[in-house]
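Next up, structure-v1.txt (compact mmCIF, C-alpha atoms):
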```txt
# COMPACT_ATOMS: atom_id res chain seq x y z
CA MET A 1 0.00 0.00 0.00
CA LYS A 2 2.77 2.45 0.98
CA ASN A 3 4.66 1.75 -2.26
CA GLN A 4 1.49 2.33 -4.28
CA ILE A 5 0.90 5.74 -2.60
CA THR A 6 4.56 6.66 -3.13
CA GLU A 7 4.34 5.88 -6.86
CA GLN A 8 1.04 7.74 -7.30
CA ASN A 9 2.47 10.77 -5.50
CA ARG A 10 5.70 10.61 -7.53
CA LYS A 11 3.55 10.93 -10.67
CA VAL A 12 1.76 13.97 -9.20
CA VAL A 13 5.10 15.66 -8.47
CA ASP A 14 6.34 14.89 -11.99
CA LYS A 15 3.08 16.25 -13.44
CA PHE A 16 3.87 19.61 -11.78
CA PHE A 17 7.03 19.85 -13.89
CA VAL A 18 5.28 18.59 -17.03
CA ALA A 19 2.70 21.39 -16.61
CA LEU A 20 5.51 23.96 -16.67
CA GLU A 21 7.44 22.36 -19.52
CA THR A 22 4.36 22.04 -21.75
CA GLN A 23 2.96 25.39 -20.52
CA LYS A 24 -0.34 23.65 -19.76
CA PHE A 25 -0.72 25.58 -16.53
CA GLU A 26 -4.32 24.45 -15.92
CA ILE A 27 -2.74 21.14 -14.81
CA LEU A 28 -1.46 23.01 -11.75
CA LYS A 29 -5.05 23.33 -10.52
CA GLU A 30 -5.29 19.52 -10.74
CA VAL A 31 -2.08 18.69 -8.87
CA PHE A 32 -2.33 21.28 -6.06
CA SER A 33 -4.95 21.04 -3.36
CA ILE A 34 -7.26 24.08 -3.19
CA GLU A 35 -5.34 25.31 -0.13
CA GLY A 36 -1.94 24.31 -1.55
CA LYS A 37 1.01 26.65 -1.13
CA GLN A 38 4.30 27.37 -2.79
CA LEU A 39 6.87 28.71 -0.35
CA ASN A 40 9.82 30.75 -1.62
CA PRO A 41 12.10 31.25 1.40
CA TYR A 42 15.00 32.62 -0.69
CA SER A 43 13.09 35.00 -2.93
CA PRO A 44 14.72 38.45 -2.99
CA ALA A 45 13.08 41.61 -1.63
CA GLY A 46 10.05 42.61 -3.67
CA PHE A 47 9.21 39.02 -4.63
CA PRO A 48 6.51 37.01 -2.82
CA LYS A 49 7.61 34.60 -0.10
CA SER A 50 4.62 32.40 -0.93
CA PHE A 51 1.78 31.78 -3.34
CA ASP A 52 -1.27 30.72 -1.36
CA GLY A 53 -3.90 28.52 -2.97
CA ALA A 54 -4.11 26.62 -6.24
CA ASP A 55 -5.53 29.67 -8.05
CA ALA A 56 -2.62 31.90 -6.95
CA ILE A 57 -0.11 29.26 -8.05
CA PHE A 58 -1.86 28.94 -11.43
CA LYS A 59 -1.86 32.74 -11.84
CA GLN A 60 1.86 32.99 -11.01
CA TYR A 61 2.97 30.32 -13.47
CA SER A 62 0.59 31.18 -16.30
CA GLY A 63 1.97 34.73 -16.17
CA LEU A 64 5.49 33.51 -16.94
CA THR A 65 4.80 33.19 -20.66
CA ALA A 66 4.90 37.01 -20.97
CA ASN A 67 8.68 36.92 -20.44
CA PHE A 68 9.72 33.30 -20.90
CA GLY A 69 9.60 30.91 -23.82
CA LYS A 70 10.58 27.25 -23.64
CA MET A 71 11.14 25.92 -20.14
CA SER A 72 12.87 22.68 -19.27
CA PHE A 73 13.44 21.17 -15.85
CA PRO A 74 15.71 18.11 -15.92
CA ARG A 75 14.98 16.50 -12.56
CA GLN A 76 15.59 13.71 -10.11
CA ILE A 77 12.67 12.88 -7.83
CA PHE A 78 13.60 11.30 -4.50
CA ALA A 79 11.02 9.50 -2.40
CA THR A 80 11.44 9.45 1.37
CA GLU A 81 10.23 7.07 4.08
CA ASP A 82 7.06 9.19 4.13
CA PRO A 83 5.05 8.39 0.96
CA ASP A 84 3.66 11.97 1.05
CA PHE A 85 7.05 13.76 1.07
CA PHE A 86 9.55 14.11 -1.79
CA PHE A 87 12.78 15.94 -2.55
CA VAL A 88 13.39 17.01 -6.14
CA LYS A 89 16.79 18.12 -7.39
CA PHE A 90 16.39 19.97 -10.67
CA LYS A 91 17.80 22.50 -13.09
CA GLY A 92 15.84 25.30 -14.67
CA GLU A 93 16.67 25.89 -18.31
CA ILE A 94 14.47 28.81 -19.32
CA GLU A 95 14.48 30.82 -22.53
CA ILE A 96 14.09 34.58 -21.97
CA LYS A 97 12.00 36.12 -24.75
CA SER A 98 14.02 39.35 -24.75
CA GLY A 99 17.18 37.28 -25.33
CA GLY A 100 19.33 34.80 -23.47
CA LYS A 101 18.64 32.03 -21.02
CA TYR A 102 18.04 31.78 -17.31
CA GLU A 103 19.61 28.67 -15.83
CA ASN A 104 19.63 27.88 -12.14
CA ASP A 105 19.94 24.92 -9.79
CA TYR A 106 17.05 24.06 -7.50
CA LEU A 107 15.98 21.83 -4.68
CA GLY A 108 12.27 21.47 -4.07
CA THR A 109 10.38 19.73 -1.32
CA PHE A 110 6.85 18.51 -1.91
CA ARG A 111 4.36 17.56 0.82
CA LEU A 112 1.21 15.85 -0.43
CA ALA A 113 -2.09 14.74 1.05
CA ASN A 114 -4.80 12.72 -0.66
CA GLY A 115 -2.88 12.72 -3.94
CA LYS A 116 -2.54 16.53 -4.14
CA ILE A 117 0.36 18.89 -3.40
CA LEU A 118 -0.22 20.72 -0.11
CA GLU A 119 3.12 22.46 0.05
CA TYR A 120 5.94 23.00 -2.41
CA THR A 121 9.05 24.78 -1.13
CA GLU A 122 11.53 26.02 -3.72
CA TYR A 123 15.21 26.64 -2.94
CA PHE A 124 17.51 28.18 -5.56
CA ASN A 125 20.75 30.10 -5.99
CA GLN A 126 19.85 33.76 -5.35
CA VAL A 127 23.09 35.05 -6.84
CA VAL A 128 22.40 33.40 -10.20
CA MET A 129 18.87 34.84 -10.22
CA ALA A 130 20.08 38.33 -9.27
CA LYS A 131 22.70 38.38 -12.03
CA ALA A 132 20.28 37.07 -14.66
CA PHE A 133 17.62 39.70 -13.92
CA ASN A 134 19.79 42.56 -12.63
CA ILE A 135 18.28 42.39 -9.13
CA GLN A 136 19.97 43.95 -6.11
CA LEU A 137 20.35 41.47 -3.25
```

In structure tokens, how does this file's structure come out?
Amino acid sequence: MKNQITEQNRKVVDKFFVALETQKFEILKEVFSIEGKQLNPYSPAGFPKSFDGADAIFKQYSGLTANFGKMSFPRQIFATEDPDFFFVKFKGEIEIKSGGKYENDYLGTFRLANGKILEYTEYFNQVVMAKAFNIQL
């Protein structure tokens, strides 16, 4: 039973990345619980520390297409002893429409309940982000 839940949840986590890569952002409303959150503990000043609720997460990601083209997230998904908790090590390879690429290294944690993402926490290299977008840290 535990292995079955782990595999089902692994597919949900992977579907999050597929939604971004295919830019089918409506999938985010399927994989996040209504009260799901994305936490951004390392976001620089002026950027939200969280997106609260599936609708807010959908709005955030669907807005990315204004500035970004193709997005790719090569990833490794690591299950833990808890079938509802995963670590994901991934790279962001993102085309910037005004020219260039934004590439960063990430670690994400995903906490699920009832087959939906309750909490996604994203950790990334702030220095790389600041240089790519000319942000003062």

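Considering all atoms listed in the file, the residue among A:Asn3, A:Asn40, A:Thr22, A:Ser33 positioned nearest to Asp55 in chain A is A:Ser33.
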
What would the list of residues within 9 Å of (5.1, 7.5, 2.1) (file frame) look like as an NGL selection string, if all atoms listed in the file are what count?
-> :A and (2-6 or 9 or 79-86)

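Here the residues that fall within 9 Å of (17.6, 25.9, -12.5), using all atoms listed in the file, are given as A:Ser72, A:Phe73, A:Pro74, A:Phe90, A:Lys91, A:Gly92, A:Glu93, A:Ile94, A:Tyr102, A:Glu103, A:Asn104, A:Asp105, A:Tyr106, A:Leu107, A:Phe124, A:Asn125.
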
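Here CA of Phe25 in chain A and CA of Leu39 in chain A stand 18.1 Å from one another.
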
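Note that the spacing between CA of Glu95 in chain A and CA of Arg75 in chain A amounts to 17.5 Å.
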
Subject >> Contact residues around Phe16 in chain A with all atoms listed in the file at 10 Å, ignoring same-chain residues under 6 positions, as an MDAnalysis selection string >> reply: chainID A and resid 24:25 27:32 117

Across A:Phe78, A:Phe110, A:Phe17, A:Tyr123, the smallest distance to Lys49 in chain A, with all atoms listed in the file counted, is shown by A:Tyr123

Between CA of Phe58 in chain A and CA of Met71 in chain A lies a distance of 15.9 Å
